[in-house]
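Structure record follows, encoded as structure tokens.
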Amino acid sequence: MSDETGARPEGECEVQPAPGPGCRVVVADDHPMWRDAVSRDLVDAGFTVVATADDGPSAVRRTVATRPDVLVLDLNLPGLRGDQVCSALRQSGVGARVLVLSASAEQRDVLEAVKAGATGYLLKSASRAAFLQAVRDTAARLPVFTPGLAGLVLGETRRMAAQSPDGCQQPIAVRLTARETEVLRLVATGLSSRQIAARLFISHRTVQNHVQNTLAKLHLHNRIELVRYAIEQGLDGPQA
């Protein structure tokens, strides 16, 4: 990974301690030097790299076989593209979170990866520190997007929610506390966890805890689904 300063995903400013040995990662990239460098950076930071893959089919097989916490996935793999790998893993029922690590910032590539189930999307121009924090955040079920891509994903989520049939969700008041609903409302507006923390005068970690609790209560898998849910509930607009 490059040590040059790159775009920061949410969470980089407050780097968390290295994960314990239980945090397991698969690295899939068809460029041997890049794949080896990424794997080495992960091991040096305390992650356990349980497998590597050099094409799409092997990325699926080895992720299914090893069941890691995170799959670091290049988008342009031979055999199966990154978004196809995500779709195959989702169909297999494997619970690994996927962090796409790509050189492409094209809108189509980002949206296809997210729709297929990627938890995050980071450009390969990101710094080593940004990358490692992105893997930590992905393992913690937090979304990770290079600044600029987050707005793109939010816009697509709004569009998808607008096309959804009404009445497909249960009322949030039945399930969520007032504070969880307040945090969810701010999530729906596209604010990061740090921005929400500053707005509510609470800690960044407290916001993350509220997000995780809300995901669990609503049986959702990631923040993208959470944003879509909030938009469907009309929480992205001004409060009455």
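By order of appearance in the structure tokens: chains A, B, ..., then residues from 1 within every chain, and ligands from 1 in the order shown.
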
Residues near region 82-87 of chain A, cut-off 12 Å, only C-alpha atoms, skip fewer than 2 positions along chain, as a VMD selection string = chain A and resid 28 to 30 53 to 64 70 to 80 89 to 102 104 108 to 121

message = Among region 17-164 of chain A, which ones does DSSP assign to strand (DSSP E or B) (computed from the backbone)? Answer as a VMD selection string.
response = chain A and resid 24 to 28 48 to 53 70 to 73 97 to 102 120 to 123 144 to 145

message = Nearest residue to Leu235 (chain A) out of A:Val43, A:Ala216, A:Ala188, A:Ala197, using only C-alpha atoms?
response = A:Ala188

note = The distance between CA of Asp41 (chain A) and CA of Leu142 (chain A) is 20.7 Å

request  = Work out how far apart CA of Val135 (chain A) and CA of Phe47 (chain A) are and give it in Å to one decimal.
outcome  = 9.4 Å

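Closest to Pro32 (chain A) among A:Asn213, A:Gln107, A:Ser193, A:Thr52 is A:Thr52, based on only C-alpha atoms.
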
request  = Write out as a list of chain:residue names each polymer residue whose atoms come within 7 Å of region 184-187 of chain A, counting only C-alpha atoms; drop sequence neighbours fewer than 4 positions from it.
outcome  =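 What passes the distance filter is A:Glu180, A:Leu191, A:Ile196, A:Val227, A:Ala230, A:Leu235, A:Asp236.
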
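CA of Arg128 (chain A) is found 26.1 Å from CA of Asn209 (chain A).
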